[in-house]
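Taking it in order: structure first as structure tokens, then the write-up.
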Amino acid sequence: MKGLVVASSFGTYAVSVNGTLFYIKPRGAFRQQGIKPMVGDYVEFDEIDLVMNDVFPRSTILKRPAIANITQLVLVFSLVEPDFSYLLAFKYLTYANMHNLKVSLVITKIDKNENIKLVEQIKSTFESLNIHVYFISNKTKEGLDEVKKLFKNEVSCIMGQTGVGKSSLINAIDTNYARAIGEYSKALGRGKHRTKEVILLPYQGGYIADTPGFSALDLELSKEELAVFYPSFNTLYNKCYFANCLHLSENRCAVKHYLSSHTIPSLVYEIYQKLSLDAPYKIKRY
Ligand SMILES: Nc1nc2c(ncn2[C@@H]2O[C@H](COP(=O)(O)OP(=O)(O)OP(=O)(O)O)[C@@H](O)[C@H]2O)c(=O)[nH]1
Ligand SMILES: [Mg+2]
Ligand SMILES: [Zn+2]
């Protein structure tokens with residue numbers, strides 16, 4: 001029988017076949033073969049023995065959050081608690097480009113916003129890069145109708161810091177779900193890691209993955225990865241004079257030329273410089 005892994009816990013996999021769940025163990029040989037099933041995998045299993053025999057080839061693999069075969073990433077940030085971070089937003093967008101995934105930004109807690117200028121700046125910055133931003137409140141339900149359409153017929157992975165309202169978003173768009181919600185700790189300055197496991201939930205002809213939240217330092221990208229996959233650079237980096245151009249102080253840099261000749265907010269490049277400065281080299285240079 002063929003099914004979809006929707007959750008896993010301690011080596012048991014919950015496999016859905018048209019909504020019916022089977023709890024399956026992987027075949028012993030998987031370990032020697034180095035096969036590790038993950039949420040999002042399509043698998044072949046024996047419904048009598050409840051043993052998984054095969055994992056079908058994956059169209060995408062993400063390591064963090066660990067999930068296979070998604071069709072888009074939905075990056076969730078909050079305006080406050082925790083504060084919106086351009087650095088993290090550009091980092092996660094770079095990560096989406098590295099995996100060649102369609103990506104959108106959802107920004108929560110607009111009911112708590114007191115800074116209209118920030119909202120406008122976020123909107124215009126990302127729209128200048130053709131990235132759509134949804135501003136929503138899971139509390140007042142403002143903006144949710146648009147976001148619901150985003151999830152239709154897609155396998156979406158929600159990704160974001162802990163406490164931004166990923167699980168709250170799922171509860172808000174589908175009242176059948178009652179995902180456990182965390183709280184924001186003012187003392188810690190972050191959420192308290194409520195969601196512990198990746199889980200795929202059916203939604204409007206597709207699935208939404210709720211995932212454990214990141215903390216600020218969780219995702220490390222190299223200078224080279226940033227140079228190639230940073231938003232808008234990914235279509236330009238191979239036009240620079242130097243093949244390994246980091247778009248910093250190099251001459252004849254197509255990226256810098258493009259930024260100065262188009263109306264891209266200066267913030268886009270400033271954030272790049274900051275991220276690149278802090279990032280390690282992938283290849284050691286002597
Ligand atoms: N005011 C307001 N609070 C929100 C909104 N969305 C979420 N919250 C609150 O933010 C806190 C964290 O929400 P969660 O949904 O648990 O956040 P999460 O992103 O799933 O967190 P992790 O599972 O730890 O990664 C809770 O106290 C929610 O009630 C919103 O739009 N407005
Ligand atoms: Mg959660
Ligand atoms: Zn360059």
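Labels used: A, B, ... for chains in the order of the structure tokens, numbers from 1 for residues in each chain, and numbers from 1 for ligands as shown.
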query = Which polymer residues have any atom within 12 Å of an atom of Thr12 of chain A, counting only C-alpha atoms, with same-chain residues fewer than 2 positions away left out, as a PyMOL selection string?
reply = chain A and resi 5-10+14-15+22-27+36-39+50-52
Report as a Markdown table the residues of chain A within 10 Å of ligand 3, each with its shortest atom pair and distance in Å (one decimal), using only C-alpha atoms and all ligand atoms, ordered by chain and increasing residue number.
| residue | atom | partner | partner_atom_place_in_ligand_line | distance |
| --- | --- | --- | --- | --- |
| A:Ala227 | CA | ligand 3 | 1 (Zn) | 7.8 |
| A:Val228 | CA | ligand 3 | 1 (Zn) | 9.3 |
| A:Phe233 | CA | ligand 3 | 1 (Zn) | 8.6 |
| A:Leu236 | CA | ligand 3 | 1 (Zn) | 8.0 |
| A:Tyr237 | CA | ligand 3 | 1 (Zn) | 5.9 |
| A:Asn238 | CA | ligand 3 | 1 (Zn) | 8.1 |
| A:Lys239 | CA | ligand 3 | 1 (Zn) | 7.6 |
| A:Cys240 | CA | ligand 3 | 1 (Zn) | 4.7 |
| A:Tyr241 | CA | ligand 3 | 1 (Zn) | 7.2 |
| A:Phe242 | CA | ligand 3 | 1 (Zn) | 7.1 |
| A:Ala243 | CA | ligand 3 | 1 (Zn) | 8.3 |
| A:Asn244 | CA | ligand 3 | 1 (Zn) | 8.0 |
| A:Cys245 | CA | ligand 3 | 1 (Zn) | 4.5 |
| A:Leu246 | CA | ligand 3 | 1 (Zn) | 5.5 |
| A:His247 | CA | ligand 3 | 1 (Zn) | 3.6 |
| A:Leu248 | CA | ligand 3 | 1 (Zn) | 7.1 |
| A:Ser249 | CA | ligand 3 | 1 (Zn) | 8.5 |
| A:Glu250 | CA | ligand 3 | 1 (Zn) | 6.6 |
| A:Asn251 | CA | ligand 3 | 1 (Zn) | 7.8 |
| A:Arg252 | CA | ligand 3 | 1 (Zn) | 7.1 |
| A:Cys253 | CA | ligand 3 | 1 (Zn) | 3.7 |
| A:Ala254 | CA | ligand 3 | 1 (Zn) | 5.3 |
| A:Val255 | CA | ligand 3 | 1 (Zn) | 5.0 |
| A:Lys256 | CA | ligand 3 | 1 (Zn) | 6.4 |
| A:His257 | CA | ligand 3 | 1 (Zn) | 8.5 |
| A:Tyr258 | CA | ligand 3 | 1 (Zn) | 9.8 |
Please produce an output containing N, CA and C atoms for each residue in the selection, written as an mmCIF file, in the first residue's frame.
data_model
loop_
_atom_site.group_PDB
_atom_site.id
_atom_site.type_symbol
_atom_site.label_atom_id
_atom_site.label_comp_id
_atom_site.auth_asym_id
_atom_site.auth_seq_id
_atom_site.Cartn_x
_atom_site.Cartn_y
_atom_site.Cartn_z
ATOM 1 N N ALA A 227 26.063 34.641 -1.228
ATOM 2 C CA ALA A 227 26.419 35.352 -2.466
ATOM 3 C C ALA A 227 25.622 34.836 -3.663
ATOM 4 N N VAL A 228 25.287 33.552 -3.626
ATOM 5 C CA VAL A 228 24.588 32.949 -4.771
ATOM 6 C C VAL A 228 23.065 32.999 -4.590
ATOM 7 N N PHE A 233 19.899 38.236 -5.872
ATOM 8 C CA PHE A 233 21.250 37.932 -6.350
ATOM 9 C C PHE A 233 21.241 36.619 -7.132
ATOM 10 N N LEU A 236 21.596 36.895 -10.694
ATOM 11 C CA LEU A 236 22.639 37.810 -11.173
ATOM 12 C C LEU A 236 24.065 37.351 -10.907
ATOM 13 N N TYR A 237 24.242 36.500 -9.881
ATOM 14 C CA TYR A 237 25.592 36.238 -9.375
ATOM 15 C C TYR A 237 26.533 35.709 -10.465
ATOM 16 N N ASN A 238 25.984 34.988 -11.441
ATOM 17 C CA ASN A 238 26.851 34.403 -12.477
ATOM 18 C C ASN A 238 27.186 35.410 -13.593
ATOM 19 N N LYS A 239 26.743 36.657 -13.436
ATOM 20 C CA LYS A 239 27.109 37.692 -14.409
ATOM 21 C C LYS A 239 28.266 38.550 -13.892
ATOM 22 N N CYS A 240 28.686 38.322 -12.644
ATOM 23 C CA CYS A 240 29.828 39.076 -12.105
ATOM 24 C C CYS A 240 31.108 38.651 -12.822
ATOM 25 N N TYR A 241 32.096 39.559 -12.849
ATOM 26 C CA TYR A 241 33.352 39.280 -13.546
ATOM 27 C C TYR A 241 34.085 38.099 -12.889
ATOM 28 N N PHE A 242 34.116 38.100 -11.562
ATOM 29 C CA PHE A 242 34.770 37.001 -10.839
ATOM 30 C C PHE A 242 33.747 35.922 -10.515
ATOM 31 N N ALA A 243 34.095 34.679 -10.857
ATOM 32 C CA ALA A 243 33.142 33.584 -10.679
ATOM 33 C C ALA A 243 32.776 33.402 -9.201
ATOM 34 N N ASN A 244 33.714 33.703 -8.299
ATOM 35 C CA ASN A 244 33.434 33.521 -6.869
ATOM 36 C C ASN A 244 33.152 34.859 -6.177
ATOM 37 N N CYS A 245 32.628 35.811 -6.948
ATOM 38 C CA CYS A 245 32.361 37.161 -6.433
ATOM 39 C C CYS A 245 31.443 37.101 -5.199
ATOM 40 N N LEU A 246 31.833 37.797 -4.140
ATOM 41 C CA LEU A 246 30.983 37.887 -2.945
ATOM 42 C C LEU A 246 30.212 39.211 -2.921
ATOM 43 N N HIS A 247 30.328 39.988 -3.994
ATOM 44 C CA HIS A 247 29.585 41.258 -4.145
ATOM 45 C C HIS A 247 29.891 42.228 -3.002
ATOM 46 N N LEU A 248 31.133 42.233 -2.577
ATOM 47 C CA LEU A 248 31.508 43.152 -1.489
ATOM 48 C C LEU A 248 32.425 44.242 -2.052
ATOM 49 N N SER A 249 33.732 43.911 -2.213
ATOM 50 C CA SER A 249 34.639 44.954 -2.711
ATOM 51 C C SER A 249 35.172 44.636 -4.109
ATOM 52 N N GLU A 250 34.661 43.565 -4.727
ATOM 53 C CA GLU A 250 35.160 43.156 -6.035
ATOM 54 C C GLU A 250 34.781 44.178 -7.125
ATOM 55 N N ASN A 251 35.618 44.292 -8.129
ATOM 56 C CA ASN A 251 35.298 45.117 -9.300
ATOM 57 C C ASN A 251 34.372 44.365 -10.250
ATOM 58 N N ARG A 252 33.713 45.142 -11.091
ATOM 59 C CA ARG A 252 32.844 44.598 -12.139
ATOM 60 C C ARG A 252 31.849 43.568 -11.582
ATOM 61 N N CYS A 253 31.186 44.016 -10.531
ATOM 62 C CA CYS A 253 30.203 43.154 -9.845
ATOM 63 C C CYS A 253 28.804 43.460 -10.397
ATOM 64 N N ALA A 254 28.198 42.449 -11.014
ATOM 65 C CA ALA A 254 26.879 42.639 -11.643
ATOM 66 C C ALA A 254 25.797 42.933 -10.610
ATOM 67 N N VAL A 255 25.948 42.364 -9.433
ATOM 68 C CA VAL A 255 24.951 42.562 -8.381
ATOM 69 C C VAL A 255 24.939 44.025 -7.940
ATOM 70 N N LYS A 256 26.126 44.555 -7.632
ATOM 71 C CA LYS A 256 26.179 45.950 -7.175
ATOM 72 C C LYS A 256 25.719 46.892 -8.287
ATOM 73 N N HIS A 257 26.086 46.585 -9.508
ATOM 74 C CA HIS A 257 25.653 47.390 -10.642
ATOM 75 C C HIS A 257 24.122 47.389 -10.731
ATOM 76 N N TYR A 258 23.537 46.220 -10.589
ATOM 77 C CA TYR A 258 22.078 46.089 -10.671
ATOM 78 C C TYR A 258 21.397 46.894 -9.556
#
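Counting from atom CA of Tyr269 of chain A, the distance to atom CA of Leu226 of chain A is 11.7 Å.
Ranking A:Ile48, A:Ala89, A:Ile170, A:Ala68 by their shortest atom-to-atom distance to ligand 2, with only C-alpha atoms and all ligand atoms included, puts A:Ile170 first.
Take the candidates A:Leu87, A:Val155, A:Val17, A:Val106 and check each one against Asn69 of chain A using only C-alpha atoms; the shortest distance goes to A:Val155.
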